[in-house]
>>> print(open('structure03.csv').read())   # CSV, C-alpha atoms
chain,number,residue,atom,x,y,z
A,24,PRO,CA,-45.1,108.0,67.7
A,25,SER,CA,-48.2,106.1,66.7
A,26,GLY,CA,-47.9,102.6,65.3
A,27,PRO,CA,-48.2,101.3,61.7
A,28,GLN,CA,-51.2,101.9,59.5
A,29,TRP,CA,-51.8,99.4,56.7
A,30,VAL,CA,-52.1,100.6,53.1
A,31,GLU,CA,-52.0,98.9,49.8
A,32,GLY,CA,-48.6,97.3,49.3
A,33,GLY,CA,-47.3,98.0,52.8
A,34,PHE,CA,-47.8,100.4,55.7
A,35,THR,CA,-47.1,103.9,56.9
A,36,VAL,CA,-45.6,104.7,60.3
A,37,LEU,CA,-44.3,107.7,62.2
A,38,ILE,CA,-40.6,107.5,63.1
A,39,GLU,CA,-38.5,109.6,65.4
A,40,ASP,CA,-35.3,111.1,63.9
A,41,ARG,CA,-33.1,113.2,66.1
A,42,GLY,CA,-35.7,115.7,67.3
A,43,ARG,CA,-38.0,115.3,64.3
A,44,VAL,CA,-40.8,113.0,63.6
A,45,ARG,CA,-41.4,111.9,60.0
A,46,VAL,CA,-44.0,109.8,58.2
A,47,ILE,CA,-42.5,107.0,56.1
A,48,ARG,CA,-44.0,104.3,54.0
A,49,VAL,CA,-42.6,100.7,54.2
A,50,GLY,CA,-43.3,98.6,51.2
A,51,ASP,CA,-44.0,94.8,51.1
A,52,ASP,CA,-40.6,94.6,49.4
A,53,GLY,CA,-38.8,96.3,52.3
A,54,SER,CA,-38.5,99.6,50.5
A,55,ILE,CA,-38.7,102.8,52.6
A,56,ASP,CA,-40.0,106.1,51.3
A,57,GLU,CA,-40.4,109.4,53.1
A,58,ILE,CA,-44.0,110.7,52.9
A,59,VAL,CA,-43.8,113.7,55.2
A,60,GLY,CA,-40.5,115.1,56.4
A,61,GLY,CA,-39.0,118.5,57.2
A,62,ASP,CA,-37.7,120.1,60.4
A,63,ARG,CA,-40.8,119.5,62.4
A,64,VAL,CA,-42.7,116.9,64.4
A,65,VAL,CA,-45.7,115.1,63.1
A,66,THR,CA,-47.9,114.2,66.0
A,67,GLY,CA,-50.4,112.1,64.1
A,68,ALA,CA,-51.1,110.9,60.5
A,69,SER,CA,-53.9,109.1,58.7
A,70,PRO,CA,-53.4,107.7,55.2
A,71,SER,CA,-56.0,106.8,52.6
A,72,SER,CA,-56.4,103.1,51.9
A,73,ASP,CA,-54.0,103.2,48.9
A,74,GLY,CA,-51.6,105.6,50.6
A,75,SER,CA,-51.9,108.3,48.0
A,76,VAL,CA,-53.3,110.9,50.5
A,77,VAL,CA,-52.1,111.5,54.0
A,78,ALA,CA,-53.8,113.8,56.6
A,79,PHE,CA,-51.5,114.8,59.4
A,80,VAL,CA,-50.9,117.2,62.3
A,81,ALA,CA,-47.5,118.9,62.4
A,82,THR,CA,-45.9,121.3,64.8
A,83,GLU,CA,-42.8,123.4,64.8
A,84,PRO,CA,-41.1,125.5,67.5
A,85,THR,CA,-43.1,128.6,66.6
A,86,GLU,CA,-46.2,126.6,65.4
A,87,PRO,CA,-48.4,124.9,68.0
A,88,GLY,CA,-49.9,122.6,65.4
A,89,GLU,CA,-52.3,122.5,62.5
A,90,VAL,CA,-53.9,119.9,60.3
A,91,TRP,CA,-52.4,119.3,56.9
A,92,VAL,CA,-53.1,117.1,53.9
A,93,LYS,CA,-50.5,115.8,51.4
A,94,LEU,CA,-51.6,114.6,48.0
A,95,GLY,CA,-48.7,113.5,45.8
A,96,GLU,CA,-46.0,116.1,46.3
A,97,GLU,CA,-48.3,118.9,47.4
A,98,GLU,CA,-49.0,119.8,51.0
A,99,ARG,CA,-51.9,122.0,52.0
A,100,ARG,CA,-52.8,123.3,55.4
A,101,LEU,CA,-56.4,122.8,56.3
A,102,THR,CA,-56.7,124.6,59.6
A,103,GLU,CA,-55.8,128.0,61.2
A,104,LEU,CA,-56.4,127.0,64.8
A,105,ASN,CA,-53.5,129.0,66.2
A,106,SER,CA,-53.4,132.0,63.9
A,107,ALA,CA,-54.8,134.4,66.6
A,108,PHE,CA,-52.5,133.0,69.2
A,109,ARG,CA,-49.4,133.5,67.1
A,110,GLU,CA,-50.4,137.1,66.4
A,111,GLU,CA,-50.8,137.9,70.1
A,112,VAL,CA,-47.5,136.5,71.4
A,113,ASP,CA,-43.8,136.7,70.3
A,114,LEU,CA,-42.7,133.1,69.7
A,115,VAL,CA,-39.0,132.5,69.4
A,116,ALA,CA,-37.4,130.1,67.0
A,117,PRO,CA,-34.3,128.3,68.4
A,118,GLN,CA,-30.8,128.0,67.1
A,119,HIS,CA,-30.0,124.4,66.5
A,120,PHE,CA,-26.5,122.9,66.3
A,121,GLU,CA,-24.9,119.5,66.4
A,122,LEU,CA,-22.3,118.7,69.0
A,123,ARG,CA,-19.9,115.8,68.3
A,124,THR,CA,-18.1,114.4,71.3
A,125,GLU,CA,-15.8,111.4,71.5
A,126,ASP,CA,-18.8,109.2,72.5
A,127,ALA,CA,-22.0,110.8,71.0
A,128,VAL,CA,-23.6,113.1,68.5
A,129,LEU,CA,-25.9,115.5,70.4
A,130,ASP,CA,-28.5,117.8,69.0
A,131,VAL,CA,-28.8,121.1,70.9
A,132,TRP,CA,-31.3,123.9,70.8
A,133,ILE,CA,-30.8,127.4,72.2
A,134,TYR,CA,-33.8,129.9,72.6
A,135,LEU,CA,-32.6,133.5,73.1
A,136,PRO,CA,-34.8,136.5,73.9
A,137,PRO,CA,-34.5,139.5,71.5
A,138,GLY,CA,-31.7,142.0,72.1
A,139,GLU,CA,-28.0,141.9,72.8
A,140,ASP,CA,-27.9,141.8,76.6
A,141,ARG,CA,-26.4,138.9,78.5
A,142,VAL,CA,-29.1,136.5,79.8
A,143,PRO,CA,-29.1,133.7,82.4
A,144,LEU,CA,-28.8,130.2,81.0
A,145,LEU,CA,-31.7,128.0,81.8
A,146,LEU,CA,-31.1,124.3,81.0
A,147,ASN,CA,-34.1,122.0,80.6
A,148,ILE,CA,-33.8,118.3,80.9
A,149,HIS,CA,-36.5,116.0,79.6
A,150,GLY,CA,-38.0,113.0,81.2
A,151,GLY,CA,-38.0,109.4,80.2
A,152,PRO,CA,-35.1,109.0,79.7
A,153,ALA,CA,-36.5,107.4,76.5
A,154,SER,CA,-38.0,110.7,75.3
A,155,ALA,CA,-36.7,113.6,73.2
A,156,TYR,CA,-36.8,117.4,72.7
A,157,GLY,CA,-36.9,118.6,69.1
A,158,SER,CA,-38.3,120.7,66.4
A,159,THR,CA,-41.7,121.1,68.0
A,160,PHE,CA,-43.7,123.8,69.9
A,161,PHE,CA,-43.1,123.5,73.7
A,162,ASP,CA,-44.7,126.0,76.0
A,163,GLU,CA,-42.0,125.5,78.6
A,164,PHE,CA,-39.4,126.9,76.3
A,165,GLN,CA,-41.5,129.8,75.1
A,166,VAL,CA,-42.4,130.8,78.7
A,167,GLY,CA,-38.7,130.6,79.7
A,168,VAL,CA,-37.4,132.7,76.8
A,169,GLY,CA,-40.3,135.1,77.3
A,170,ALA,CA,-39.2,135.6,80.9
A,171,GLY,CA,-35.7,136.6,79.8
A,172,TYR,CA,-33.8,133.4,79.9
A,173,GLY,CA,-31.6,131.7,77.3
A,174,VAL,CA,-33.2,128.3,77.2
A,175,VAL,CA,-30.9,125.4,76.4
A,176,ALA,CA,-32.2,121.9,75.6
A,177,THR,CA,-30.6,118.7,74.3
A,178,ASN,CA,-31.1,114.9,73.9
A,179,PRO,CA,-28.3,113.3,75.9
A,180,ARG,CA,-27.6,109.6,75.7
A,181,GLY,CA,-30.6,107.7,77.0
A,182,SER,CA,-32.9,109.8,74.7
A,183,SER,CA,-35.0,108.3,72.0
A,184,GLY,CA,-34.8,109.1,68.3
A,185,SER,CA,-31.0,108.7,67.9
A,186,GLY,CA,-30.6,105.0,67.6
A,187,ALA,CA,-30.5,102.0,69.9
A,188,ASP,CA,-27.0,102.5,71.2
A,189,HIS,CA,-27.8,106.1,72.1
A,190,LEU,CA,-31.0,104.9,73.9
A,191,LYS,CA,-29.4,102.1,75.8
A,192,ALA,CA,-26.2,103.9,76.9
A,193,VAL,CA,-27.6,104.8,80.3
A,194,VAL,CA,-28.4,101.2,81.2
A,195,GLY,CA,-26.4,99.9,84.2
A,196,LYS,CA,-23.2,101.7,84.8
A,197,GLY,CA,-24.1,104.4,82.3
A,198,TRP,CA,-26.9,105.7,84.5
A,199,GLY,CA,-25.9,109.1,85.9
A,200,ALA,CA,-22.6,108.8,84.1
A,201,VAL,CA,-22.8,109.2,80.3
A,202,ASP,CA,-25.9,111.4,80.5
A,203,LEU,CA,-24.2,113.7,83.0
A,204,ALA,CA,-21.1,113.9,80.8
A,205,ASP,CA,-23.3,114.8,77.8
A,206,ILE,CA,-25.1,117.5,79.8
A,207,ASN,CA,-21.8,119.1,80.9
A,208,ALA,CA,-20.5,119.0,77.3
A,209,VAL,CA,-23.6,120.7,76.0
A,210,VAL,CA,-23.5,123.4,78.6
A,211,ALA,CA,-19.8,124.1,77.8
A,212,ALA,CA,-20.6,124.2,74.0
A,213,ALA,CA,-23.6,126.4,74.4
A,214,LEU,CA,-21.6,128.9,76.5
A,215,GLU,CA,-18.7,128.9,74.0
A,216,ARG,CA,-21.1,129.3,71.0
A,217,GLU,CA,-23.4,132.0,72.4
A,218,PRO,CA,-21.6,134.8,74.3
A,219,ARG,CA,-25.0,136.2,75.5
A,220,LEU,CA,-25.4,133.2,77.9
A,221,ASP,CA,-24.1,134.2,81.3
A,222,PRO,CA,-22.0,131.4,83.0
A,223,GLU,CA,-22.4,133.2,86.4
A,224,ARG,CA,-26.2,132.9,86.2
A,225,MET,CA,-27.2,129.3,85.3
A,226,GLY,CA,-30.3,127.5,86.3
A,227,VAL,CA,-31.5,123.9,85.6
A,228,MET,CA,-34.8,122.2,85.7
A,229,GLY,CA,-36.3,118.9,84.7
A,230,GLY,CA,-39.2,116.5,85.4
A,231,SER,CA,-39.3,112.7,86.2
A,232,TYR,CA,-36.0,111.4,84.8
A,233,GLY,CA,-35.2,115.0,84.2
A,234,GLY,CA,-35.8,115.6,87.9
A,235,PHE,CA,-33.3,112.8,88.7
A,236,LEU,CA,-30.7,114.3,86.4
A,237,THR,CA,-31.2,117.8,87.8
A,238,ALA,CA,-30.7,116.6,91.3
A,239,TRP,CA,-27.8,114.5,90.2
A,240,LEU,CA,-26.2,117.4,88.4
A,241,THR,CA,-26.4,119.8,91.4
A,242,ALA,CA,-25.0,117.2,93.7
A,243,ASN,CA,-21.9,116.8,91.4
A,244,ASP,CA,-21.5,120.5,90.3
A,245,GLN,CA,-22.0,123.4,92.6
A,246,ARG,CA,-21.8,126.1,89.9
A,247,TRP,CA,-25.6,126.1,89.4
A,248,ALA,CA,-27.4,129.1,90.9
A,249,SER,CA,-31.0,127.7,90.7
A,250,ALA,CA,-32.6,124.4,90.3
A,251,ILE,CA,-36.1,123.0,90.0
A,252,VAL,CA,-36.6,119.2,90.6
A,253,GLU,CA,-40.1,118.2,89.4
A,254,ARG,CA,-41.8,114.8,89.9
A,255,GLY,CA,-38.3,113.3,90.2
A,256,ALA,CA,-37.1,109.8,90.5
A,257,LEU,CA,-34.9,110.5,93.5
A,258,VAL,CA,-34.6,107.4,95.7
A,259,ALA,CA,-34.1,104.3,93.6
A,260,THR,CA,-34.3,102.0,96.6
A,261,SER,CA,-37.9,103.0,97.4
A,262,PHE,CA,-38.8,103.7,93.8
A,263,ALA,CA,-38.2,100.0,93.1
A,264,GLY,CA,-41.1,99.2,95.4
A,265,THR,CA,-43.5,102.1,95.2
A,266,SER,CA,-43.6,103.2,91.5
A,267,ASP,CA,-46.3,101.8,89.2
A,268,ILE,CA,-43.4,100.7,86.9
A,269,ALA,CA,-41.1,99.7,89.8
A,270,GLU,CA,-39.8,96.2,88.8
A,271,THR,CA,-39.8,96.8,85.1
A,272,PHE,CA,-37.9,100.1,85.3
A,273,SER,CA,-35.5,99.0,87.9
A,274,LEU,CA,-34.4,95.9,86.0
A,275,ALA,CA,-34.4,97.7,82.6
A,276,TYR,CA,-32.2,100.7,83.7
A,277,TYR,CA,-30.6,99.9,87.0
A,278,GLU,CA,-30.2,96.2,86.2
A,279,SER,CA,-31.0,95.6,89.9
A,280,SER,CA,-34.0,95.2,92.2
A,281,PRO,CA,-34.3,94.9,96.0
A,282,PRO,CA,-33.3,93.3,98.2
A,283,GLU,CA,-30.2,91.9,96.4
A,284,GLY,CA,-29.6,95.1,94.5
A,285,TRP,CA,-30.1,97.5,97.4
A,286,ASP,CA,-26.5,98.8,97.3
A,287,VAL,CA,-26.6,99.4,93.6
A,288,LEU,CA,-30.0,101.2,93.8
A,289,TRP,CA,-28.7,103.4,96.6
A,290,GLU,CA,-25.7,104.4,94.6
A,291,LYS,CA,-28.0,105.6,91.8
A,292,SER,CA,-30.1,107.7,94.1
A,293,PRO,CA,-29.8,111.5,94.3
A,294,LEU,CA,-30.8,111.2,97.9
A,295,ALA,CA,-27.5,109.6,98.6
A,296,LEU,CA,-25.7,112.7,97.5
A,297,ALA,CA,-28.2,115.3,98.8
A,298,HIS,CA,-25.8,116.5,101.4
A,299,GLN,CA,-23.5,117.8,98.6
A,300,VAL,CA,-26.2,120.0,97.1
A,301,THR,CA,-25.7,123.8,97.7
A,302,THR,CA,-27.9,125.0,94.8
A,303,PRO,CA,-31.2,126.6,95.9
A,304,THR,CA,-33.8,124.1,94.9
A,305,LEU,CA,-37.5,124.1,94.4
A,306,ILE,CA,-39.2,120.7,94.5
A,307,ILE,CA,-42.5,120.4,92.6
A,308,HIS,CA,-44.5,117.2,93.0
A,309,SER,CA,-48.1,116.0,92.7
A,310,GLU,CA,-49.8,114.0,95.5
A,311,ASN,CA,-51.4,111.4,93.2
A,312,ASP,CA,-48.2,110.7,91.2
A,313,PHE,CA,-48.0,106.9,90.9
A,314,ARG,CA,-45.0,106.9,88.5
A,315,CYS,CA,-42.7,108.8,90.9
A,316,PRO,CA,-44.6,108.7,94.2
A,317,ILE,CA,-44.5,111.8,96.3
A,318,GLU,CA,-42.4,110.0,98.9
A,319,GLN,CA,-39.5,110.5,96.5
A,320,ALA,CA,-39.8,114.3,96.9
A,321,GLU,CA,-40.5,114.2,100.6
A,322,GLN,CA,-37.3,112.3,101.4
A,323,TYR,CA,-35.3,114.6,99.1
A,324,PHE,CA,-36.8,117.7,100.6
A,325,LEU,CA,-35.9,116.7,104.2
A,326,ALA,CA,-32.4,115.7,103.1
A,327,LEU,CA,-31.8,119.2,101.6
A,328,LEU,CA,-33.3,120.8,104.8
A,329,ARG,CA,-30.9,118.9,106.9
A,330,ALA,CA,-28.0,119.9,104.7
A,331,GLY,CA,-28.9,123.6,105.1
A,332,THR,CA,-29.6,124.0,101.4
A,333,PRO,CA,-32.2,126.7,100.5
A,334,VAL,CA,-35.2,124.6,99.5
A,335,GLU,CA,-38.9,124.8,99.1
A,336,MET,CA,-41.5,122.2,98.2
A,337,LEU,CA,-44.7,122.8,96.2
A,338,ARG,CA,-47.3,120.0,96.4
A,339,PHE,CA,-50.3,119.8,94.1
A,340,PRO,CA,-53.3,117.9,95.4
A,341,GLY,CA,-55.4,115.7,93.1
A,342,GLU,CA,-52.8,115.7,90.4
A,343,GLY,CA,-50.7,112.9,88.9
A,344,HIS,CA,-47.4,112.6,87.0
A,345,GLU,CA,-48.7,114.5,84.0
A,346,MET,CA,-49.8,117.6,85.9
A,347,SER,CA,-47.6,120.0,83.9
A,348,ARG,CA,-49.0,118.8,80.6
A,349,SER,CA,-52.6,117.7,81.4
A,350,GLY,CA,-53.5,118.9,84.9
A,351,LYS,CA,-56.1,121.5,85.8
A,352,PRO,CA,-55.4,124.7,84.0
A,353,SER,CA,-55.4,126.6,87.3
A,354,HIS,CA,-52.7,124.3,88.6
A,355,ARG,CA,-50.6,124.5,85.5
A,356,GLN,CA,-50.7,128.3,85.7
A,357,GLU,CA,-49.7,128.2,89.4
A,358,ARG,CA,-46.9,125.9,88.5
A,359,PHE,CA,-45.6,128.3,85.8
A,360,GLU,CA,-45.8,131.2,88.3
A,361,ALA,CA,-43.8,129.2,90.8
A,362,VAL,CA,-41.2,128.3,88.3
A,363,LEU,CA,-40.7,131.9,87.1
A,364,ASP,CA,-40.7,133.2,90.7
A,365,TRP,CA,-38.1,130.7,91.8
A,366,HIS,CA,-35.6,131.2,89.0
A,367,ALA,CA,-36.1,135.0,89.2
A,368,ARG,CA,-35.0,135.0,92.8
A,369,TYR,CA,-31.6,133.6,91.9
A,370,LEU,CA,-30.9,134.3,88.2
A,371,LEU,CA,-32.4,137.7,87.3
A,372,SER,CA,-30.4,140.8,88.3
A,373,ALA,CA,-31.8,143.1,90.9
A,374,GLY,CA,-34.4,145.3,89.5
A,375,MET,CA,-34.6,143.4,86.2
A,376,PRO,CA,-38.3,143.0,85.3
A,377,THR,CA,-39.7,139.5,84.9
A,378,LYS,CA,-41.5,139.4,81.5
A,379,SER,CA,-44.2,136.9,80.6
A,380,ALA,CA,-44.5,135.0,77.3
>>> encode(input="structure03.csv", output="structure tokens")
Amino acid sequence: PSGPQWVEGGFTVLIEDRGRVRVIRVGDDGSIDEIVGGDRVVTGASPSSDGSVVAFVATEPTEPGEVWVKLGEEERRLTELNSAFREEVDLVAPQHFELRTEDAVLDVWIYLPPGEDRVPLLLNIHGGPASAYGSTFFDEFQVGVGAGYGVVATNPRGSSGSGADHLKAVVGKGWGAVDLADINAVVAAALEREPRLDPERMGVMGGSYGGFLTAWLTANDQRWASAIVERGALVATSFAGTSDIAETFSLAYYESSPPEGWDVLWEKSPLALAHQVTTPTLIIHSENDFRCPIEQAEQYFLALLRAGTPVEMLRFPGEGHEMSRSGKPSHRQERFEAVLDWHARYLLSAGMPTKSA
């Protein structure tokens, strides 16, 4: 969220709150008042100098985003930028539930296609790990549910928006441990809660840190039928010297850096466990990715080949770490086609049509 904006008697600021983003006003006396709330995500806000009027952009799972203004207690929408789009497509609102484990409180979202038939479970894992899914429009989820999958998303420990302890739980020994435990708990809860989700047809995908956790998950659990590892942080030993955030990230999360911490970094690398992966895996990576350099994917690809795991690698030239969000439209479309093709091979029943969102 954007930083504070000064108004008379204090400032306004956007704050993450368990999958939602609100606008609050902090007074000079330390008071805190909610200005814009609700089950949605505010992506930007601009207050008047006295704070009495706030213009903001808000998005919800079935609303890509519009400009609003709030005056006093009244909110008024100023734009209809996505009205035509919403009329052309069938957008799905998710089920949301709270999962309480012994160690964490986890927010979970399930997107289900219309109907009563059983559908494959498609778990999405976000990057970061200091990021979060939530009550916002996300094209990935809508494309997945439009293609016939039951899309499951959560904010495991390591995610932002749920407090400092939740955020820092993956540091050091927690990396690949507490987050993996949370993911497994969420999958079990989703299967128990929603009988339409098919435990025999489960796929998983994620990018960046989500690529790490996808590869980590399939190395530790062979029940997954399909996986996509995208722009992943897969080899901590080389990541600590090639990434554009190498030293900062390694010390902040792994609490180690080479050469002294070589053994620790290797233990946190999916490459070290690649020989255990049996899940058919598609690797997607961009050649100009400086956050997770493409050597991460190349090493993992060869390791899966050596292990005899069904694997393919898709490389995008001229693209960086943000390709799926801000790359060339043609590349983004090709990526979606590859994602749907890969999961359809392993998750959709024979003869079942692949629908588009």
>>> closest_residue(input="structure03.csv", among="A:Phe108, A:Tyr172, A:Tyr232, A:Tyr276", to="A:Glu86", atoms="all atoms listed in the file")
A:Phe108
>>> closest_residue(input="structure03.csv", among="A:Val49, A:Ile206, A:Cys315, A:Ala275", to="A:Arg254", atoms="only C-alpha atoms")
A:Cys315
>>> residues_around(input="structure03.csv", residues="A:Ala78", least_positions_apart="3", cutoff="10 Å", atoms="all atoms listed in the file", output="ChimeraX atom specification")
/A:67-71,81,90-94,98-101
>>> write_last_selection(input="structure03.csv", atoms="C-alpha atoms", output="mmCIF file, keeping the file's coordinate frame")
data_model
loop_
_atom_site.group_PDB
_atom_site.id
_atom_site.type_symbol
_atom_site.label_atom_id
_atom_site.label_comp_id
_atom_site.auth_asym_id
_atom_site.auth_seq_id
_atom_site.Cartn_x
_atom_site.Cartn_y
_atom_site.Cartn_z
ATOM 1 C CA GLY A 67 -50.400 112.100 64.100
ATOM 2 C CA ALA A 68 -51.100 110.900 60.500
ATOM 3 C CA SER A 69 -53.900 109.100 58.700
ATOM 4 C CA PRO A 70 -53.400 107.700 55.200
ATOM 5 C CA SER A 71 -56.000 106.800 52.600
ATOM 6 C CA ALA A 81 -47.500 118.900 62.400
ATOM 7 C CA VAL A 90 -53.900 119.900 60.300
ATOM 8 C CA TRP A 91 -52.400 119.300 56.900
ATOM 9 C CA VAL A 92 -53.100 117.100 53.900
ATOM 10 C CA LYS A 93 -50.500 115.800 51.400
ATOM 11 C CA LEU A 94 -51.600 114.600 48.000
ATOM 12 C CA GLU A 98 -49.000 119.800 51.000
ATOM 13 C CA ARG A 99 -51.900 122.000 52.000
ATOM 14 C CA ARG A 100 -52.800 123.300 55.400
ATOM 15 C CA LEU A 101 -56.400 122.800 56.300
#
>>> closest_residue(input="structure03.csv", among="A:Ala367, A:Ile58, A:Leu146, A:Ala212", to="A:Leu122", atoms="all atoms listed in the file")
A:Ala212
>>> residues_around(input="structure03.csv", residues="A:Glu357", least_positions_apart="4", cutoff="12 Å", atoms="all atoms listed in the file", output="PyMOL selection string")
chain A and resi 307+337-339+346-347+350-353+361-364
>>> closest_residue(input="structure03.csv", among="A:Tyr134, A:Phe272, A:Phe235, A:Phe34", to="A:Gly195", atoms="only C-alpha atoms")
A:Phe272
>>> atom_distance(input="structure03.csv", atom1="atom CA of A:Gly60", atom2="atom CA of A:Glu163")
24.6 Å
>>> residues_around(input="structure03.csv", residues="A:Ser158", least_positions_apart="3", cutoff="10 Å", atoms="all atoms listed in the file", output="MDAnalysis selection string")
chainID A and resid 41:44 61:65 82:86 116:117 119 132 155 161
>>> write_last_selection(input="structure03.csv", atoms="C-alpha atoms", output="short mmCIF file (atom, residue, chain, number, x, y, z; two decimals), keeping the file's coordinate frame")
data_model
loop_
_atom_site.label_atom_id
_atom_site.label_comp_id
_atom_site.auth_asym_id
_atom_site.auth_seq_id
_atom_site.Cartn_x
_atom_site.Cartn_y
_atom_site.Cartn_z
CA ARG A 41 -33.10 113.20 66.10
CA GLY A 42 -35.70 115.70 67.30
CA ARG A 43 -38.00 115.30 64.30
CA VAL A 44 -40.80 113.00 63.60
CA GLY A 61 -39.00 118.50 57.20
CA ASP A 62 -37.70 120.10 60.40
CA ARG A 63 -40.80 119.50 62.40
CA VAL A 64 -42.70 116.90 64.40
CA VAL A 65 -45.70 115.10 63.10
CA THR A 82 -45.90 121.30 64.80
CA GLU A 83 -42.80 123.40 64.80
CA PRO A 84 -41.10 125.50 67.50
CA THR A 85 -43.10 128.60 66.60
CA GLU A 86 -46.20 126.60 65.40
CA ALA A 116 -37.40 130.10 67.00
CA PRO A 117 -34.30 128.30 68.40
CA HIS A 119 -30.00 124.40 66.50
CA TRP A 132 -31.30 123.90 70.80
CA ALA A 155 -36.70 113.60 73.20
CA PHE A 161 -43.10 123.50 73.70
#
>>> closest_residue(input="structure03.csv", among="A:Ile148, A:Leu214, A:Ile268, A:Ala297", to="A:Gln245", atoms="all atoms listed in the file")
A:Ala297
>>> residues_around(input="structure03.csv", residues="A:Ser279", least_positions_apart="4", cutoff="12 Å", atoms="all atoms listed in the file", output="list in words")
Val194, Gly195, Lys196, Ala259, Thr260, Phe262, Ala263, Ala269, Glu270, Thr271, Phe272, Ser273, Leu274, Ala275, Glu283, Gly284, Trp285, Asp286, Val287, Leu288, Trp289, Glu290 and Lys291 of chain A
